[in-house]
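File shown: run27.cif (mmCIF, N, CA and C atoms and all ligand atoms).
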data_entry
loop_
_atom_site.label_atom_id
_atom_site.label_comp_id
_atom_site.auth_asym_id
_atom_site.auth_seq_id
_atom_site.Cartn_x
_atom_site.Cartn_y
_atom_site.Cartn_z
N MET K 45 28.95 17.32 -4.10
CA MET K 45 28.47 15.94 -4.20
C MET K 45 26.94 15.93 -4.30
N LYS K 46 26.46 15.14 -5.25
CA LYS K 46 25.00 15.05 -5.40
C LYS K 46 24.41 14.17 -4.32
N ARG K 47 23.30 14.60 -3.73
CA ARG K 47 22.64 13.82 -2.69
C ARG K 47 21.28 13.35 -3.18
N THR K 48 20.97 12.10 -2.81
CA THR K 48 19.64 11.57 -3.10
C THR K 48 18.76 11.78 -1.88
N VAL K 49 17.58 12.32 -2.12
CA VAL K 49 16.65 12.59 -1.01
C VAL K 49 15.26 12.03 -1.33
N ASN K 50 14.49 11.83 -0.28
CA ASN K 50 13.08 11.45 -0.44
C ASN K 50 12.23 12.68 -0.22
N LEU K 51 11.27 12.88 -1.10
CA LEU K 51 10.38 14.04 -0.99
C LEU K 51 8.94 13.52 -0.98
N THR K 52 8.16 13.95 0.03
CA THR K 52 6.81 13.41 0.19
C THR K 52 5.75 14.49 0.05
N ARG K 53 4.75 14.17 -0.75
CA ARG K 53 3.57 15.03 -0.89
C ARG K 53 2.39 14.34 -0.21
N LYS K 54 1.68 15.06 0.65
CA LYS K 54 0.53 14.50 1.35
C LYS K 54 -0.76 15.02 0.75
N GLU K 55 -1.71 14.12 0.55
CA GLU K 55 -3.03 14.49 0.05
C GLU K 55 -4.07 13.75 0.88
N SER K 56 -5.32 14.12 0.70
CA SER K 56 -6.39 13.38 1.37
C SER K 56 -7.61 13.31 0.46
N PHE K 57 -8.40 12.27 0.66
CA PHE K 57 -9.62 12.13 -0.13
C PHE K 57 -10.67 11.40 0.69
N ALA K 58 -11.92 11.59 0.33
CA ALA K 58 -13.02 10.91 1.00
C ALA K 58 -13.62 9.90 0.03
N ALA K 59 -13.84 8.69 0.53
CA ALA K 59 -14.43 7.66 -0.34
C ALA K 59 -15.17 6.65 0.52
N SER K 60 -16.11 5.96 -0.10
CA SER K 60 -16.78 4.88 0.62
C SER K 60 -16.42 3.54 -0.02
N HIS K 61 -16.58 2.50 0.77
CA HIS K 61 -16.31 1.17 0.24
C HIS K 61 -17.08 0.13 1.05
N ARG K 62 -17.14 -1.06 0.49
CA ARG K 62 -17.68 -2.21 1.21
C ARG K 62 -16.65 -3.32 1.09
N LEU K 63 -16.22 -3.85 2.25
CA LEU K 63 -15.27 -4.95 2.21
C LEU K 63 -16.04 -6.23 1.94
N HIS K 64 -15.72 -6.84 0.81
CA HIS K 64 -16.42 -8.05 0.39
C HIS K 64 -15.57 -8.76 -0.65
N SER K 65 -15.25 -10.03 -0.38
CA SER K 65 -14.47 -10.81 -1.34
C SER K 65 -15.38 -11.74 -2.11
N ASN K 66 -15.26 -11.69 -3.44
CA ASN K 66 -16.06 -12.59 -4.28
C ASN K 66 -15.63 -14.04 -4.13
N GLU K 67 -14.45 -14.23 -3.52
CA GLU K 67 -13.91 -15.59 -3.32
C GLU K 67 -14.53 -16.26 -2.10
N LEU K 68 -15.23 -15.48 -1.29
CA LEU K 68 -15.81 -16.03 -0.05
C LEU K 68 -17.33 -16.02 -0.13
N SER K 69 -17.95 -16.86 0.69
CA SER K 69 -19.41 -16.87 0.76
C SER K 69 -19.89 -15.64 1.53
N ASP K 70 -21.18 -15.34 1.42
CA ASP K 70 -21.73 -14.20 2.15
C ASP K 70 -21.49 -14.35 3.65
N GLU K 71 -21.65 -15.58 4.12
CA GLU K 71 -21.45 -15.85 5.54
C GLU K 71 -19.99 -15.64 5.96
N GLU K 72 -19.07 -16.13 5.13
CA GLU K 72 -17.64 -15.96 5.43
C GLU K 72 -17.24 -14.48 5.39
N ASN K 73 -17.80 -13.73 4.43
CA ASN K 73 -17.53 -12.30 4.35
C ASN K 73 -17.99 -11.58 5.61
N LYS K 74 -19.18 -11.95 6.06
CA LYS K 74 -19.76 -11.31 7.24
C LYS K 74 -18.90 -11.60 8.46
N LYS K 75 -18.43 -12.83 8.55
CA LYS K 75 -17.62 -13.24 9.69
C LYS K 75 -16.25 -12.53 9.69
N LEU K 76 -15.65 -12.44 8.50
CA LEU K 76 -14.31 -11.85 8.40
C LEU K 76 -14.34 -10.32 8.51
N PHE K 77 -15.28 -9.69 7.84
CA PHE K 77 -15.25 -8.22 7.74
C PHE K 77 -16.25 -7.52 8.66
N GLY K 78 -17.14 -8.27 9.30
CA GLY K 78 -18.05 -7.69 10.28
C GLY K 78 -18.83 -6.52 9.74
N LYS K 79 -18.84 -5.40 10.48
CA LYS K 79 -19.65 -4.24 10.05
C LYS K 79 -19.10 -3.61 8.77
N CYS K 80 -17.83 -3.89 8.43
CA CYS K 80 -17.26 -3.35 7.19
C CYS K 80 -17.83 -4.05 5.96
N ASN K 81 -18.59 -5.14 6.18
CA ASN K 81 -19.24 -5.88 5.09
C ASN K 81 -20.67 -5.36 4.85
N HIS K 82 -21.10 -4.40 5.66
CA HIS K 82 -22.46 -3.84 5.53
C HIS K 82 -22.77 -3.53 4.06
N ILE K 83 -23.92 -3.98 3.62
CA ILE K 83 -24.21 -4.00 2.17
C ILE K 83 -24.12 -2.63 1.49
N HIS K 84 -24.48 -1.55 2.20
CA HIS K 84 -24.45 -0.24 1.55
C HIS K 84 -23.11 0.49 1.70
N GLY K 85 -22.15 -0.15 2.37
CA GLY K 85 -20.82 0.45 2.50
C GLY K 85 -20.74 1.46 3.62
N HIS K 86 -19.56 2.06 3.75
CA HIS K 86 -19.30 3.08 4.78
C HIS K 86 -18.14 3.93 4.28
N GLY K 87 -17.96 5.09 4.89
CA GLY K 87 -16.97 6.03 4.37
C GLY K 87 -15.71 6.16 5.21
N HIS K 88 -14.65 6.65 4.58
CA HIS K 88 -13.41 6.98 5.27
C HIS K 88 -12.87 8.30 4.72
N ASN K 89 -12.15 9.02 5.60
CA ASN K 89 -11.32 10.12 5.13
C ASN K 89 -9.91 9.57 5.02
N TYR K 90 -9.51 9.25 3.81
CA TYR K 90 -8.22 8.61 3.57
C TYR K 90 -7.11 9.67 3.49
N GLY K 91 -5.93 9.27 3.91
CA GLY K 91 -4.73 10.08 3.69
C GLY K 91 -3.85 9.36 2.69
N LEU K 92 -3.12 10.13 1.91
CA LEU K 92 -2.23 9.54 0.90
C LEU K 92 -0.88 10.26 0.96
N ASP K 93 0.19 9.49 1.16
CA ASP K 93 1.55 10.06 1.11
C ASP K 93 2.25 9.48 -0.11
N VAL K 94 2.74 10.35 -0.96
CA VAL K 94 3.45 9.90 -2.16
C VAL K 94 4.89 10.40 -2.05
N THR K 95 5.83 9.45 -2.04
CA THR K 95 7.24 9.82 -1.89
C THR K 95 8.01 9.55 -3.18
N VAL K 96 8.66 10.59 -3.67
CA VAL K 96 9.57 10.42 -4.80
C VAL K 96 11.00 10.47 -4.26
N ARG K 97 11.90 9.82 -4.98
CA ARG K 97 13.28 9.73 -4.52
C ARG K 97 14.18 10.09 -5.69
N GLY K 98 15.07 11.01 -5.45
CA GLY K 98 15.97 11.39 -6.55
C GLY K 98 17.07 12.32 -6.09
N GLU K 99 17.94 12.65 -7.03
CA GLU K 99 19.05 13.56 -6.72
C GLU K 99 18.56 15.00 -6.77
N ILE K 100 19.13 15.80 -5.91
CA ILE K 100 18.83 17.24 -5.95
C ILE K 100 19.54 17.84 -7.17
N ASP K 101 18.76 18.43 -8.04
CA ASP K 101 19.35 19.06 -9.22
C ASP K 101 20.22 20.25 -8.78
N GLU K 102 21.45 20.28 -9.27
CA GLU K 102 22.38 21.31 -8.79
C GLU K 102 21.96 22.72 -9.20
N LYS K 103 21.35 22.81 -10.35
CA LYS K 103 20.97 24.14 -10.85
C LYS K 103 19.72 24.67 -10.15
N THR K 104 18.70 23.77 -9.96
CA THR K 104 17.41 24.25 -9.43
C THR K 104 17.26 24.01 -7.93
N GLY K 105 18.01 23.05 -7.40
CA GLY K 105 17.88 22.73 -5.98
C GLY K 105 16.68 21.86 -5.65
N ILE K 106 16.02 21.31 -6.67
CA ILE K 106 14.85 20.48 -6.41
C ILE K 106 15.00 19.09 -7.04
N VAL K 107 14.13 18.16 -6.57
CA VAL K 107 14.07 16.80 -7.13
C VAL K 107 13.00 16.74 -8.21
N ILE K 108 11.85 17.30 -7.88
CA ILE K 108 10.72 17.34 -8.82
C ILE K 108 9.94 18.62 -8.53
N ASN K 109 9.36 19.19 -9.55
CA ASN K 109 8.52 20.36 -9.37
C ASN K 109 7.26 19.92 -8.61
N LEU K 110 7.06 20.48 -7.41
CA LEU K 110 5.94 20.04 -6.56
C LEU K 110 4.58 20.31 -7.20
N VAL K 111 4.50 21.33 -8.03
CA VAL K 111 3.24 21.60 -8.72
C VAL K 111 2.95 20.45 -9.70
N ASP K 112 4.01 19.99 -10.39
CA ASP K 112 3.84 18.85 -11.31
C ASP K 112 3.40 17.61 -10.54
N LEU K 113 4.04 17.37 -9.38
CA LEU K 113 3.69 16.18 -8.58
C LEU K 113 2.24 16.27 -8.11
N LYS K 114 1.86 17.45 -7.63
CA LYS K 114 0.49 17.65 -7.17
C LYS K 114 -0.51 17.41 -8.32
N ASP K 115 -0.19 17.92 -9.50
CA ASP K 115 -1.08 17.75 -10.65
C ASP K 115 -1.21 16.29 -11.07
N ILE K 116 -0.08 15.57 -11.02
CA ILE K 116 -0.11 14.14 -11.39
C ILE K 116 -1.00 13.37 -10.41
N ILE K 117 -0.81 13.62 -9.09
CA ILE K 117 -1.61 12.92 -8.08
C ILE K 117 -3.09 13.25 -8.29
N HIS K 118 -3.37 14.51 -8.56
CA HIS K 118 -4.76 14.91 -8.80
C HIS K 118 -5.34 14.16 -10.00
N ASP K 119 -4.59 14.16 -11.10
CA ASP K 119 -5.11 13.58 -12.35
C ASP K 119 -5.27 12.07 -12.28
N VAL K 120 -4.30 11.36 -11.71
CA VAL K 120 -4.35 9.90 -11.79
C VAL K 120 -4.95 9.23 -10.55
N VAL K 121 -5.08 9.99 -9.43
CA VAL K 121 -5.67 9.38 -8.23
C VAL K 121 -6.96 10.09 -7.82
N MET K 122 -6.87 11.36 -7.52
CA MET K 122 -8.01 12.09 -6.93
C MET K 122 -9.25 12.04 -7.81
N THR K 123 -9.06 12.21 -9.11
CA THR K 123 -10.23 12.23 -10.00
C THR K 123 -10.94 10.88 -10.01
N LYS K 124 -10.22 9.81 -9.64
CA LYS K 124 -10.82 8.47 -9.67
C LYS K 124 -11.44 8.06 -8.34
N VAL K 125 -10.92 8.60 -7.21
CA VAL K 125 -11.38 8.08 -5.92
C VAL K 125 -12.09 9.10 -5.02
N ASP K 126 -11.82 10.40 -5.20
CA ASP K 126 -12.36 11.37 -4.25
C ASP K 126 -13.87 11.51 -4.41
N HIS K 127 -14.58 11.33 -3.29
CA HIS K 127 -16.05 11.37 -3.29
C HIS K 127 -16.68 10.32 -4.20
N ARG K 128 -16.04 9.15 -4.22
CA ARG K 128 -16.56 8.02 -5.00
C ARG K 128 -16.82 6.83 -4.08
N HIS K 129 -17.63 5.91 -4.61
CA HIS K 129 -17.80 4.62 -3.94
C HIS K 129 -16.83 3.66 -4.64
N LEU K 130 -15.81 3.22 -3.93
CA LEU K 130 -14.72 2.47 -4.57
C LEU K 130 -15.23 1.23 -5.30
N ASN K 131 -16.13 0.47 -4.67
CA ASN K 131 -16.62 -0.78 -5.29
C ASN K 131 -17.36 -0.52 -6.61
N LEU K 132 -18.07 0.60 -6.65
CA LEU K 132 -18.96 0.86 -7.79
C LEU K 132 -18.33 1.74 -8.84
N ASP K 133 -17.45 2.65 -8.43
CA ASP K 133 -16.94 3.68 -9.35
C ASP K 133 -15.54 3.42 -9.88
N VAL K 134 -14.78 2.55 -9.25
CA VAL K 134 -13.39 2.32 -9.66
C VAL K 134 -13.30 0.95 -10.34
N GLU K 135 -12.91 0.98 -11.60
CA GLU K 135 -12.88 -0.24 -12.43
C GLU K 135 -12.21 -1.42 -11.71
N GLU K 136 -11.04 -1.16 -11.11
CA GLU K 136 -10.27 -2.24 -10.48
C GLU K 136 -11.04 -2.92 -9.35
N PHE K 137 -11.92 -2.17 -8.68
CA PHE K 137 -12.60 -2.74 -7.50
C PHE K 137 -13.96 -3.34 -7.84
N LYS K 138 -14.26 -3.43 -9.12
CA LYS K 138 -15.48 -4.14 -9.49
C LYS K 138 -15.27 -5.64 -9.29
N THR K 139 -13.99 -6.06 -9.31
CA THR K 139 -13.69 -7.48 -9.09
C THR K 139 -12.77 -7.70 -7.88
N MET K 140 -12.11 -6.65 -7.41
CA MET K 140 -11.13 -6.78 -6.31
C MET K 140 -11.68 -6.15 -5.04
N ASN K 141 -11.44 -6.79 -3.90
CA ASN K 141 -11.92 -6.26 -2.62
C ASN K 141 -11.17 -4.96 -2.28
N PRO K 142 -11.88 -3.85 -2.04
CA PRO K 142 -11.19 -2.57 -1.81
C PRO K 142 -10.68 -2.39 -0.38
N THR K 143 -9.84 -3.32 0.05
CA THR K 143 -9.16 -3.19 1.34
C THR K 143 -8.10 -2.10 1.21
N THR K 144 -7.56 -1.65 2.32
CA THR K 144 -6.49 -0.64 2.25
C THR K 144 -5.27 -1.20 1.53
N GLU K 145 -5.02 -2.51 1.73
CA GLU K 145 -3.90 -3.16 1.03
C GLU K 145 -4.07 -3.04 -0.49
N ASN K 146 -5.27 -3.41 -0.97
CA ASN K 146 -5.51 -3.37 -2.42
C ASN K 146 -5.59 -1.94 -2.94
N LEU K 147 -6.13 -1.02 -2.12
CA LEU K 147 -6.20 0.38 -2.54
C LEU K 147 -4.78 0.95 -2.71
N ALA K 148 -3.90 0.63 -1.77
CA ALA K 148 -2.51 1.09 -1.88
C ALA K 148 -1.86 0.53 -3.14
N LEU K 149 -2.15 -0.74 -3.44
CA LEU K 149 -1.57 -1.38 -4.62
C LEU K 149 -2.08 -0.74 -5.92
N VAL K 150 -3.38 -0.48 -5.98
CA VAL K 150 -3.96 0.13 -7.18
C VAL K 150 -3.42 1.54 -7.37
N ILE K 151 -3.36 2.32 -6.27
CA ILE K 151 -2.84 3.69 -6.37
C ILE K 151 -1.36 3.66 -6.76
N TRP K 152 -0.61 2.72 -6.20
CA TRP K 152 0.81 2.56 -6.58
C TRP K 152 0.91 2.33 -8.08
N ASN K 153 0.10 1.45 -8.64
CA ASN K 153 0.18 1.14 -10.08
C ASN K 153 -0.17 2.35 -10.94
N TRP K 154 -1.19 3.11 -10.52
CA TRP K 154 -1.55 4.33 -11.27
C TRP K 154 -0.38 5.32 -11.25
N LEU K 155 0.19 5.53 -10.05
CA LEU K 155 1.27 6.52 -9.92
C LEU K 155 2.55 6.06 -10.60
N ASP K 156 2.81 4.75 -10.54
CA ASP K 156 4.02 4.21 -11.16
C ASP K 156 3.98 4.43 -12.67
N ALA K 157 2.79 4.27 -13.26
CA ALA K 157 2.65 4.48 -14.70
C ALA K 157 2.84 5.95 -15.06
N ALA K 158 2.47 6.85 -14.14
CA ALA K 158 2.53 8.29 -14.44
C ALA K 158 3.87 8.92 -14.06
N ILE K 159 4.45 8.47 -12.94
CA ILE K 159 5.68 9.09 -12.43
C ILE K 159 6.92 8.34 -12.89
N GLY K 160 6.81 7.01 -12.94
CA GLY K 160 7.94 6.20 -13.42
C GLY K 160 8.83 5.69 -12.32
N GLU K 161 9.52 4.60 -12.64
CA GLU K 161 10.33 3.91 -11.63
C GLU K 161 11.58 4.69 -11.22
N GLU K 162 11.99 5.65 -12.06
CA GLU K 162 13.16 6.46 -11.71
C GLU K 162 12.87 7.33 -10.49
N LEU K 163 11.61 7.76 -10.35
CA LEU K 163 11.28 8.73 -9.30
C LEU K 163 10.37 8.19 -8.20
N LEU K 164 9.34 7.42 -8.56
CA LEU K 164 8.39 6.98 -7.53
C LEU K 164 9.07 5.99 -6.59
N TYR K 165 8.97 6.26 -5.29
CA TYR K 165 9.65 5.40 -4.33
C TYR K 165 8.70 4.71 -3.36
N GLU K 166 7.70 5.47 -2.87
CA GLU K 166 6.85 4.90 -1.82
C GLU K 166 5.46 5.53 -1.84
N VAL K 167 4.46 4.70 -1.55
CA VAL K 167 3.08 5.17 -1.43
C VAL K 167 2.51 4.63 -0.13
N THR K 168 1.92 5.51 0.68
CA THR K 168 1.23 5.08 1.89
C THR K 168 -0.22 5.55 1.84
N VAL K 169 -1.14 4.63 2.10
CA VAL K 169 -2.56 4.99 2.21
C VAL K 169 -2.96 4.82 3.66
N HIS K 170 -3.47 5.91 4.25
CA HIS K 170 -3.97 5.89 5.63
C HIS K 170 -5.49 5.74 5.56
N GLU K 171 -5.99 4.63 6.09
CA GLU K 171 -7.45 4.44 6.11
C GLU K 171 -8.05 5.19 7.29
N THR K 172 -7.35 5.15 8.41
CA THR K 172 -7.71 5.90 9.62
C THR K 172 -6.40 6.43 10.20
N ASP K 173 -6.50 7.12 11.33
CA ASP K 173 -5.28 7.57 11.99
C ASP K 173 -4.44 6.39 12.47
N LYS K 174 -5.10 5.24 12.63
CA LYS K 174 -4.41 4.09 13.23
C LYS K 174 -3.98 3.03 12.23
N ASN K 175 -4.61 3.00 11.04
CA ASN K 175 -4.29 1.96 10.05
C ASN K 175 -3.74 2.57 8.77
N SER K 176 -2.62 2.03 8.30
CA SER K 176 -2.10 2.47 7.00
C SER K 176 -1.37 1.32 6.33
N VAL K 177 -1.23 1.42 5.03
CA VAL K 177 -0.50 0.42 4.25
C VAL K 177 0.52 1.16 3.40
N THR K 178 1.76 0.65 3.40
CA THR K 178 2.85 1.27 2.64
C THR K 178 3.40 0.29 1.61
N ILE K 179 3.61 0.80 0.41
CA ILE K 179 4.26 0.00 -0.63
C ILE K 179 5.46 0.81 -1.10
N HIS K 180 6.61 0.16 -1.20
CA HIS K 180 7.73 0.88 -1.80
C HIS K 180 8.54 -0.01 -2.71
N ARG K 181 9.32 0.63 -3.55
CA ARG K 181 10.06 -0.09 -4.56
C ARG K 181 11.12 -0.99 -3.93
NI NI K 201 -13.70 0.63 5.81
#

Could you write out this structure as structure tokens?
Amino acid sequence: MKRTVNLTRKESFAASHRLHSNELSDEENKKLFGKCNHIHGHGHNYGLDVTVRGEIDEKTGIVINLVDLKDIIHDVVMTKVDHRHLNLDVEEFKTMNPTTENLALVIWNWLDAAIGEELLYEVTVHETDKNSVTIHR
């Protein structure tokens, strides 16, 4: 019997950001985001969990080649965010507030385009050890 399993690859990246919504006044931003609104930004060591879901291939015993998954994550995520300032260097965040919620959404969209709905199941972005955002199909 074929079994469907979830397989997760963990990665990490360093990036800086400034929490600031263009929809709010400077005063409202300061009140809502506090020190995270500091004009020059601040950094995080982010964690990223990417989960694919699929049947175990009977011949190979795998769901996806982990080297392929690692390469896809590197190409579509790491090259865009690692050691970057999210507000300044990532096209999507020139207009969107780079909260962990929005970062998870943007990374989900990049990975969904590369991995596809047949396989991509869940993405979690850890901003700190205590805060994370998960999106799944
Ligand atoms: Ni922050």

Exercise for the section: Point out the residue among K:Asn73, K:Asn66, K:Thr144, K:Thr139 with the least atom-to-atom distance to ligand NI 201 (chain K), counting only N, CA and C atoms and all ligand atoms. Expected result: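 Ranking K:Asn73, K:Asn66, K:Thr144, K:Thr139 by distance to ligand NI 201 (chain K), first place goes to K:Thr144.
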
Exercise for the section: Write out as number ranges by chain each polymer residue (protein, DNA or RNA) that has an atom no more than 12 Å from ligand NI 201 (chain K), with only C-alpha atoms and all ligand atoms counted. Expected result: K: 58-64, 77-82, 84-90, 129-131, 141-145, 147, 170-172, 175-176

Handout entry: Residue neighbourhood Leu163 in chain K, 12 Å, only C-alpha atoms, exclusion window fewer than 2 positions, as a PyMOL selection string
Key = chain K and resi 48-52+94-100+107-109+113+155-161+165-167+180-181

Exercise for the section: Would you mind telling me which residue in K:Thr168, K:Ser69, K:Thr123, K:Thr104 lies nearest to Gly91 in chain K when using only C-alpha atoms? Expected result: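 Of K:Thr168, K:Ser69, K:Thr123, K:Thr104, the one nearest Gly91 in chain K, counting only C-alpha atoms, is K:Thr168.
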
Practice task
One decimal, Å: what's the distance from CA of Phe137 in chain K over to CA of Val150 in chain K, could you say?
Solution key: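 Between these atoms lies a distance of 9.1 Å.
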
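If all atoms listed in the file are the atoms counted, then among K:Asp101, K:Val121, K:Lys174, K:Leu149 the closest residue to Arg47 in chain K is K:Asp101.
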
Practice task
Could you please write out, as a list in words, every residue of range 85-127 of chain K that DSSP assigns to strand (DSSP E or B)?
Solution key: His86, Gly87, His88, Asn89, Tyr90, Gly91, Leu92, Asp93, Val94, Thr95, Val96, Arg97, Gly98 and Glu99 of chain K

Handout entry: Among the residues K:Gly105, K:Arg53, K:Ile151, K:Leu92, the one that comes closest to Val120 in chain K [using only N, CA and C atoms]
Key =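 Checking each of K:Gly105, K:Arg53, K:Ile151, K:Leu92 against Val120 in chain K, counting only N, CA and C atoms, the winner is K:Ile151.
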
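Atom to atom, atom N of Lys54 in chain K and atom N of Val134 in chain K stand 22.9 Å apart.
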
Practice task
One decimal, Å: what's the distance from CA of Ser56 in chain K over to CA of Met140 in chain K, could you say?
Solution key: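 Going from CA of Ser56 in chain K over to CA of Met140 in chain K covers 22.1 Å.
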
Practice task
Mind listing the alpha helix (DSSP H) residues of chain K, per DSSP on the backbone, as a ChimeraX atom specification?
Solution key: /K:70-77,110-117,123-125,130-133,144-159

Write a file of the just-selected residues containing N, CA and C atoms, as a short mmCIF file (atom, residue, chain, number, x, y, z; two decimals), in the frame of the given file.
data_model
loop_
_atom_site.label_atom_id
_atom_site.label_comp_id
_atom_site.auth_asym_id
_atom_site.auth_seq_id
_atom_site.Cartn_x
_atom_site.Cartn_y
_atom_site.Cartn_z
N ASP K 70 -21.18 -15.34 1.42
CA ASP K 70 -21.73 -14.20 2.15
C ASP K 70 -21.49 -14.35 3.65
N GLU K 71 -21.65 -15.58 4.12
CA GLU K 71 -21.45 -15.85 5.54
C GLU K 71 -19.99 -15.64 5.96
N GLU K 72 -19.07 -16.13 5.13
CA GLU K 72 -17.64 -15.96 5.43
C GLU K 72 -17.24 -14.48 5.39
N ASN K 73 -17.80 -13.73 4.43
CA ASN K 73 -17.53 -12.30 4.35
C ASN K 73 -17.99 -11.58 5.61
N LYS K 74 -19.18 -11.95 6.06
CA LYS K 74 -19.76 -11.31 7.24
C LYS K 74 -18.90 -11.60 8.46
N LYS K 75 -18.43 -12.83 8.55
CA LYS K 75 -17.62 -13.24 9.69
C LYS K 75 -16.25 -12.53 9.69
N LEU K 76 -15.65 -12.44 8.50
CA LEU K 76 -14.31 -11.85 8.40
C LEU K 76 -14.34 -10.32 8.51
N PHE K 77 -15.28 -9.69 7.84
CA PHE K 77 -15.25 -8.22 7.74
C PHE K 77 -16.25 -7.52 8.66
N LEU K 110 7.06 20.48 -7.41
CA LEU K 110 5.94 20.04 -6.56
C LEU K 110 4.58 20.31 -7.20
N VAL K 111 4.50 21.33 -8.03
CA VAL K 111 3.24 21.60 -8.72
C VAL K 111 2.95 20.45 -9.70
N ASP K 112 4.01 19.99 -10.39
CA ASP K 112 3.84 18.85 -11.31
C ASP K 112 3.40 17.61 -10.54
N LEU K 113 4.04 17.37 -9.38
CA LEU K 113 3.69 16.18 -8.58
C LEU K 113 2.24 16.27 -8.11
N LYS K 114 1.86 17.45 -7.63
CA LYS K 114 0.49 17.65 -7.17
C LYS K 114 -0.51 17.41 -8.32
N ASP K 115 -0.19 17.92 -9.50
CA ASP K 115 -1.08 17.75 -10.65
C ASP K 115 -1.21 16.29 -11.07
N ILE K 116 -0.08 15.57 -11.02
CA ILE K 116 -0.11 14.14 -11.39
C ILE K 116 -1.00 13.37 -10.41
N ILE K 117 -0.81 13.62 -9.09
CA ILE K 117 -1.61 12.92 -8.08
C ILE K 117 -3.09 13.25 -8.29
N THR K 123 -9.06 12.21 -9.11
CA THR K 123 -10.23 12.23 -10.00
C THR K 123 -10.94 10.88 -10.01
N LYS K 124 -10.22 9.81 -9.64
CA LYS K 124 -10.82 8.47 -9.67
C LYS K 124 -11.44 8.06 -8.34
N VAL K 125 -10.92 8.60 -7.21
CA VAL K 125 -11.38 8.08 -5.92
C VAL K 125 -12.09 9.10 -5.02
N LEU K 130 -15.81 3.22 -3.93
CA LEU K 130 -14.72 2.47 -4.57
C LEU K 130 -15.23 1.23 -5.30
N ASN K 131 -16.13 0.47 -4.67
CA ASN K 131 -16.62 -0.78 -5.29
C ASN K 131 -17.36 -0.52 -6.61
N LEU K 132 -18.07 0.60 -6.65
CA LEU K 132 -18.96 0.86 -7.79
C LEU K 132 -18.33 1.74 -8.84
N ASP K 133 -17.45 2.65 -8.43
CA ASP K 133 -16.94 3.68 -9.35
C ASP K 133 -15.54 3.42 -9.88
N THR K 144 -7.56 -1.65 2.32
CA THR K 144 -6.49 -0.64 2.25
C THR K 144 -5.27 -1.20 1.53
N GLU K 145 -5.02 -2.51 1.73
CA GLU K 145 -3.90 -3.16 1.03
C GLU K 145 -4.07 -3.04 -0.49
N ASN K 146 -5.27 -3.41 -0.97
CA ASN K 146 -5.51 -3.37 -2.42
C ASN K 146 -5.59 -1.94 -2.94
N LEU K 147 -6.13 -1.02 -2.12
CA LEU K 147 -6.20 0.38 -2.54
C LEU K 147 -4.78 0.95 -2.71
N ALA K 148 -3.90 0.63 -1.77
CA ALA K 148 -2.51 1.09 -1.88
C ALA K 148 -1.86 0.53 -3.14
N LEU K 149 -2.15 -0.74 -3.44
CA LEU K 149 -1.57 -1.38 -4.62
C LEU K 149 -2.08 -0.74 -5.92
N VAL K 150 -3.38 -0.48 -5.98
CA VAL K 150 -3.96 0.13 -7.18
C VAL K 150 -3.42 1.54 -7.37
N ILE K 151 -3.36 2.32 -6.27
CA ILE K 151 -2.84 3.69 -6.37
C ILE K 151 -1.36 3.66 -6.76
N TRP K 152 -0.61 2.72 -6.20
CA TRP K 152 0.81 2.56 -6.58
C TRP K 152 0.91 2.33 -8.08
N ASN K 153 0.10 1.45 -8.64
CA ASN K 153 0.18 1.14 -10.08
C ASN K 153 -0.17 2.35 -10.94
N TRP K 154 -1.19 3.11 -10.52
CA TRP K 154 -1.55 4.33 -11.27
C TRP K 154 -0.38 5.32 -11.25
N LEU K 155 0.19 5.53 -10.05
CA LEU K 155 1.27 6.52 -9.92
C LEU K 155 2.55 6.06 -10.60
N ASP K 156 2.81 4.75 -10.54
CA ASP K 156 4.02 4.21 -11.16
C ASP K 156 3.98 4.43 -12.67
N ALA K 157 2.79 4.27 -13.26
CA ALA K 157 2.65 4.48 -14.70
C ALA K 157 2.84 5.95 -15.06
N ALA K 158 2.47 6.85 -14.14
CA ALA K 158 2.53 8.29 -14.44
C ALA K 158 3.87 8.92 -14.06
N ILE K 159 4.45 8.47 -12.94
CA ILE K 159 5.68 9.09 -12.43
C ILE K 159 6.92 8.34 -12.89
#

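Counting only N, CA and C atoms and comparing K:Leu164, K:Val169, K:Lys46, K:Glu55, the residue that lies closest to Glu102 in chain K is K:Lys46.
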
Problem - Residue neighbourhood Met122 in chain K, 8 Å, all atoms listed in the file, exclusion window fewer than 5 positions, as a list in words - result: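 Once the adjacent positions are removed, what remains is Ser56, Phe57, Ile116, Ile117 and His127 of chain K.
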
Practice task
Name the closest residue to Asp70 in chain K among the candidates K:Asp112, K:Glu135, K:Glu162, K:Ile83; distances are taken between atoms, counting only C-alpha atoms.
Solution key: K:Ile83
